[in-house]
Amino acid sequence: MDFADDPAAAEFRAGLRSWLSEHLAEYAHGTGYESAEAVERTHKWHKALAQAGYVAVSLPAEYGGRGLPDSYEGIVNQELAAAEAPPSPPIGHIAHAVVDFASDELKTRVLPGLLGCTQVWCQGFSEPGAGSDLASLTTTATADGDRFVVNGQKIWTSGAMWSRWCLLMARTEPDLPRHRGISMLVVDMESSGVDRREITLASGSREFAEVFFDNVSVPAANLVGERGQGWQIAMHMLAYERGPADMGWVGRLGQVIATAREAVSSGQLTADEALRQRLAAAAVDVEVLQWHVARSLANRGPGSRSEAGSVDKLLTIRIEQNLYHVVNDLAAASFVVGPPTTFANYLWSRAQSIYGGTQQIQRQIVAQRILGLPRD
Ligand SMILES: Cc1cc2nc3c(=O)[nH]c(=O)nc-3n(C[C@H](O)[C@H](O)[C@H](O)COP(=O)(O)OP(=O)(O)OC[C@H]3O[C@@H](n4cnc5c(N)ncnc54)[C@H](O)[C@@H]3O)c2cc1C
């Protein structure tokens, strides 16, 4: 299998490298979600990337993308990681829900803000009683003439505090079987009756919120797809949540290895034989993961969520969590207070086994669809 760029991809990659060499310095530090200033810089970075044409490159040009193959999203993420740039905005899956299912009128209204990164979006799926078992969600959207009235609560909503729009899953058909009674709505977060409450994580990140909806009026024109089609749309869009983004994620793990190696080689950190063994093993794991993820990306068709995605996710969870254990132990063993990011990254790696489908759910997919085991 040949993972080398063809001439067009090589030209795209070179163009991005050149853009980064000119513009990255301005945004290289101080982004994140720990403070209002960090959030503002993060959003500025996303806007700059979008203006330069490096956001949503695989989406159709008529909606603000560049109509390039999926693999180009992988190139963007890989190059950002290699340059130690902040990540690209995680909007591809939301964009696909809108592009592939919304009316032309809704697309025209909301896509420029989404793809241009001038308006932030969040994903309102999980509820306190509906995470892995998402189909049990109880937030309702009751049809009332030319609008829906939304009531309920969402939780763990990334970016909700500064979002203008929420892609919301809500129950519109309470009498239908649970998967068929859910619809997808685009909700204006500035509507009356929306109450967002920040959740601060142990890592210091302030990107989560609980969101309460109290008789929130949503125009019927903001329905994405048909009534009752919400589950199908959610499954479709989740196929785009992983894949190209993994290239960046794994690239960042490679940078962590490089930084740790440099710190030990230069004597800034000391590693006894046991730690050197663990760091070497972690480096091999990351190398294997890089090739595995590249192979999955090369094999996948547009939007296909293959079982290989679950294997990638399970490998990533194990390898990332182990790597940050090693790095954390390395920093502690050297009695050096590492940069605050060392411990924050370690904490963040713990979340890897929860979001985007927990590791137990991924294992169920592997057990049923790859191993062919019966459901219990
Ligand atoms: C970093 C991060 C970002 C997130 N961003 C968003 C967001 O933007 N929008 C959003 O809607 N949600 C978001 N979430 C929420 C995420 O989707 C849920 O946390 C996840 O789906 C798990 O749901 P839960 O927390 O309710 O846990 P539960 O589903 O209650 O699971 C609890 C434990 O039980 C296990 N379990 C559950 N069911 C089974 C089963 N059938 N078999 C075996 N084990 C099982 C799980 O694996 C887990 O270990 C985010 C979460 C994280 C950590």
# chains A, B, ... in the order shown; residues from 1 in each chain; ligands from 1

$ closest_atom_pairs --of "chain A" --to "ligand 1" --cutoff "6 Å" --atoms "only C-alpha atoms and all ligand atoms" --output "JSON lines"
{"residue": "A:Cys122", "atom": "CA", "partner": "ligand 1", "partner_atom_place_in_ligand_line": "8 (O)", "distance": 6.0}
{"residue": "A:Gln123", "atom": "CA", "partner": "ligand 1", "partner_atom_place_in_ligand_line": "9 (N)", "distance": 4.5}
{"residue": "A:Gly124", "atom": "CA", "partner": "ligand 1", "partner_atom_place_in_ligand_line": "11 (O)", "distance": 4.5}
{"residue": "A:Phe125", "atom": "CA", "partner": "ligand 1", "partner_atom_place_in_ligand_line": "11 (O)", "distance": 3.4}
{"residue": "A:Ser126", "atom": "CA", "partner": "ligand 1", "partner_atom_place_in_ligand_line": "11 (O)", "distance": 3.7}
{"residue": "A:Ala130", "atom": "CA", "partner": "ligand 1", "partner_atom_place_in_ligand_line": "26 (O)", "distance": 5.4}
{"residue": "A:Gly131", "atom": "CA", "partner": "ligand 1", "partner_atom_place_in_ligand_line": "23 (O)", "distance": 3.2}
{"residue": "A:Ser132", "atom": "CA", "partner": "ligand 1", "partner_atom_place_in_ligand_line": "29 (O)", "distance": 3.6}
{"residue": "A:Asp133", "atom": "CA", "partner": "ligand 1", "partner_atom_place_in_ligand_line": "29 (O)", "distance": 5.9}
{"residue": "A:Trp156", "atom": "CA", "partner": "ligand 1", "partner_atom_place_in_ligand_line": "13 (C)", "distance": 4.7}
{"residue": "A:Thr157", "atom": "CA", "partner": "ligand 1", "partner_atom_place_in_ligand_line": "8 (O)", "distance": 4.0}
{"residue": "A:Ser158", "atom": "CA", "partner": "ligand 1", "partner_atom_place_in_ligand_line": "8 (O)", "distance": 3.8}
{"residue": "A:Ala351", "atom": "CA", "partner": "ligand 1", "partner_atom_place_in_ligand_line": "53 (C)", "distance": 4.6}
{"residue": "A:Ile354", "atom": "CA", "partner": "ligand 1", "partner_atom_place_in_ligand_line": "53 (C)", "distance": 4.9}
{"residue": "A:Tyr355", "atom": "CA", "partner": "ligand 1", "partner_atom_place_in_ligand_line": "52 (C)", "distance": 4.1}
{"residue": "A:Gly356", "atom": "CA", "partner": "ligand 1", "partner_atom_place_in_ligand_line": "17 (O)", "distance": 5.5}
{"residue": "A:Gly357", "atom": "CA", "partner": "ligand 1", "partner_atom_place_in_ligand_line": "21 (O)", "distance": 5.2}
{"residue": "A:Thr358", "atom": "CA", "partner": "ligand 1", "partner_atom_place_in_ligand_line": "47 (O)", "distance": 4.6}
{"residue": "A:Gln359", "atom": "CA", "partner": "ligand 1", "partner_atom_place_in_ligand_line": "47 (O)", "distance": 5.8}
{"residue": "A:Gln360", "atom": "CA", "partner": "ligand 1", "partner_atom_place_in_ligand_line": "47 (O)", "distance": 4.3}
{"residue": "A:Ile361", "atom": "CA", "partner": "ligand 1", "partner_atom_place_in_ligand_line": "47 (O)", "distance": 5.6}

$ select_by_dssp --residues "region 71-202 of chain A" --states "helix (DSSP H, G or I)" --output "JSON, numbers by chain"
{"A": [71, 72, 73, 74, 75, 76, 77, 78, 79, 80, 81, 82, 92, 93, 94, 95, 96, 97, 98, 99, 100, 101, 104, 105, 106, 107, 108, 109, 110, 111, 112, 113, 114, 115, 134, 135, 136, 160, 161, 162, 178, 179, 180, 181]}

$ residues_around --residues "region 225-234 of chain A" --least-positions-apart "3" --cutoff "6 Å" --atoms "only C-alpha atoms" --output "list in words"
Phe101, Ala102, Arg180, Gly181, Ile182, Ser183, Met184 and Met237 of chain A

$ write_last_selection --atoms "N, CA, C and O atoms" --output "tab-separated table (two decimals), in the first residue's frame"
chain	number	residue	atom	x	y	z
A	101	PHE	N	-28.38	16.76	4.82
A	101	PHE	CA	-29.80	16.58	5.15
A	101	PHE	C	-30.64	17.86	5.21
A	101	PHE	O	-31.86	17.79	5.08
A	102	ALA	N	-30.03	19.02	5.45
A	102	ALA	CA	-30.85	20.22	5.68
A	102	ALA	C	-31.43	20.76	4.37
A	102	ALA	O	-30.93	20.45	3.27
A	180	ARG	N	-37.12	5.83	16.31
A	180	ARG	CA	-37.83	6.48	15.19
A	180	ARG	C	-38.53	7.76	15.60
A	180	ARG	O	-39.09	8.47	14.77
A	181	GLY	N	-38.50	8.05	16.91
A	181	GLY	CA	-39.23	9.23	17.38
A	181	GLY	C	-38.36	10.46	17.59
A	181	GLY	O	-38.80	11.45	18.18
A	182	ILE	N	-37.12	10.39	17.12
A	182	ILE	CA	-36.16	11.47	17.40
A	182	ILE	C	-35.93	12.32	16.15
A	182	ILE	O	-35.83	11.77	15.04
A	183	SER	N	-35.84	13.63	16.32
A	183	SER	CA	-35.55	14.53	15.19
A	183	SER	C	-34.33	15.37	15.51
A	183	SER	O	-33.91	15.48	16.66
A	184	MET	N	-33.78	15.98	14.45
A	184	MET	CA	-32.59	16.83	14.59
A	184	MET	C	-32.99	18.26	14.29
A	184	MET	O	-33.58	18.54	13.23
A	237	MET	N	-23.66	11.27	10.70
A	237	MET	CA	-22.64	12.28	11.00
A	237	MET	C	-21.51	11.73	11.86
A	237	MET	O	-20.37	12.15	11.73

$ closest_residue --among "A:Ala56, A:Val110, A:Ala221, A:Leu330" --to "Ala274 (chain A)" --atoms "only C-alpha atoms"
A:Leu330

$ residues_around --residues "Ala4 (chain A)" --least-positions-apart "5" --cutoff "12 Å" --atoms "only C-alpha atoms" --output "ChimeraX atom specification"
/A:9-10,13,71,75,294-295,298

$ atom_distance --atom1 "CA of Val150 (chain A)" --atom2 "CA of Ser191 (chain A)"
10.9 Å

$ closest_atom_pairs --of "region 46-109 of chain A" --to "region 161-170 of chain A" --cutoff "12 Å" --atoms "only C-alpha atoms" --output "tab-separated table"
residue	atom	partner	partner_atom	distance
A:Ile91	CA	A:Leu167	CA	11.2
A:His93	CA	A:Leu167	CA	10.8
A:Ile94	CA	A:Leu167	CA	7.5
A:Ala95	CA	A:Leu167	CA	10.1
A:His96	CA	A:Leu167	CA	11.6
A:Ala97	CA	A:Leu167	CA	8.9
A:Val98	CA	A:Leu167	CA	9.1
A:Ala102	CA	A:Leu167	CA	11.5
A:Arg109	CA	A:Trp165	CA	11.6

$ closest_atom_pairs --of "region 66-181 of chain A" --to "region 212-219 of chain A" --cutoff "10 Å" --atoms "only C-alpha atoms" --output "tab-separated table"
residue	atom	partner	partner_atom	distance
A:Thr139	CA	A:Phe213	CA	8.4
A:Thr140	CA	A:Phe213	CA	9.4
A:Ala141	CA	A:Val218	CA	8.7
A:Thr142	CA	A:Asn215	CA	9.5
A:Ala143	CA	A:Val218	CA	9.5
A:Asp144	CA	A:Ser217	CA	9.3
A:Gly145	CA	A:Pro219	CA	9.3
A:Asp146	CA	A:Pro219	CA	6.2
A:Arg147	CA	A:Pro219	CA	4.3
A:Phe148	CA	A:Val218	CA	5.1
A:Val149	CA	A:Ser217	CA	4.8
A:Val150	CA	A:Val216	CA	4.9
A:Asn151	CA	A:Phe213	CA	4.8
A:Gly152	CA	A:Phe213	CA	5.2
A:Gln153	CA	A:Phe212	CA	4.5
A:Lys154	CA	A:Phe212	CA	6.5
A:Ile155	CA	A:Phe212	CA	8.7

$ closest_residue --among "A:Tyr72, A:Val366, A:Leu24, A:Gly116" --to "Ala8 (chain A)" --atoms "only C-alpha atoms"
A:Tyr72

$ closest_residue --among "A:Gln368, A:Asn222, A:Gln277, A:Ser266" --to "Ser310 (chain A)" --atoms "only C-alpha atoms"
A:Gln368

$ closest_residue --among "A:Ala50, A:Ala28, A:Val120, A:Ala160" --to "Ser88 (chain A)" --atoms "only C-alpha atoms"
A:Ala50

$ atom_distance --atom1 "CA of Pro87 (chain A)" --atom2 "CA of Gln268 (chain A)"
27.3 Å

$ closest_atom_pairs --of "region 194-288 of chain A" --to "region 340-349 of chain A" --cutoff "10 Å" --atoms "only C-alpha atoms" --output "JSON lines"
{"residue": "A:Leu201", "atom": "CA", "partner": "A:Trp348", "partner_atom": "CA", "distance": 9.1}
{"residue": "A:Ala202", "atom": "CA", "partner": "A:Leu347", "partner_atom": "CA", "distance": 7.3}
{"residue": "A:Ser203", "atom": "CA", "partner": "A:Ala344", "partner_atom": "CA", "distance": 4.7}
{"residue": "A:Gly204", "atom": "CA", "partner": "A:Ala344", "partner_atom": "CA", "distance": 7.5}
{"residue": "A:Ser205", "atom": "CA", "partner": "A:Ala344", "partner_atom": "CA", "distance": 8.6}
{"residue": "A:Val256", "atom": "CA", "partner": "A:Thr342", "partner_atom": "CA", "distance": 9.5}
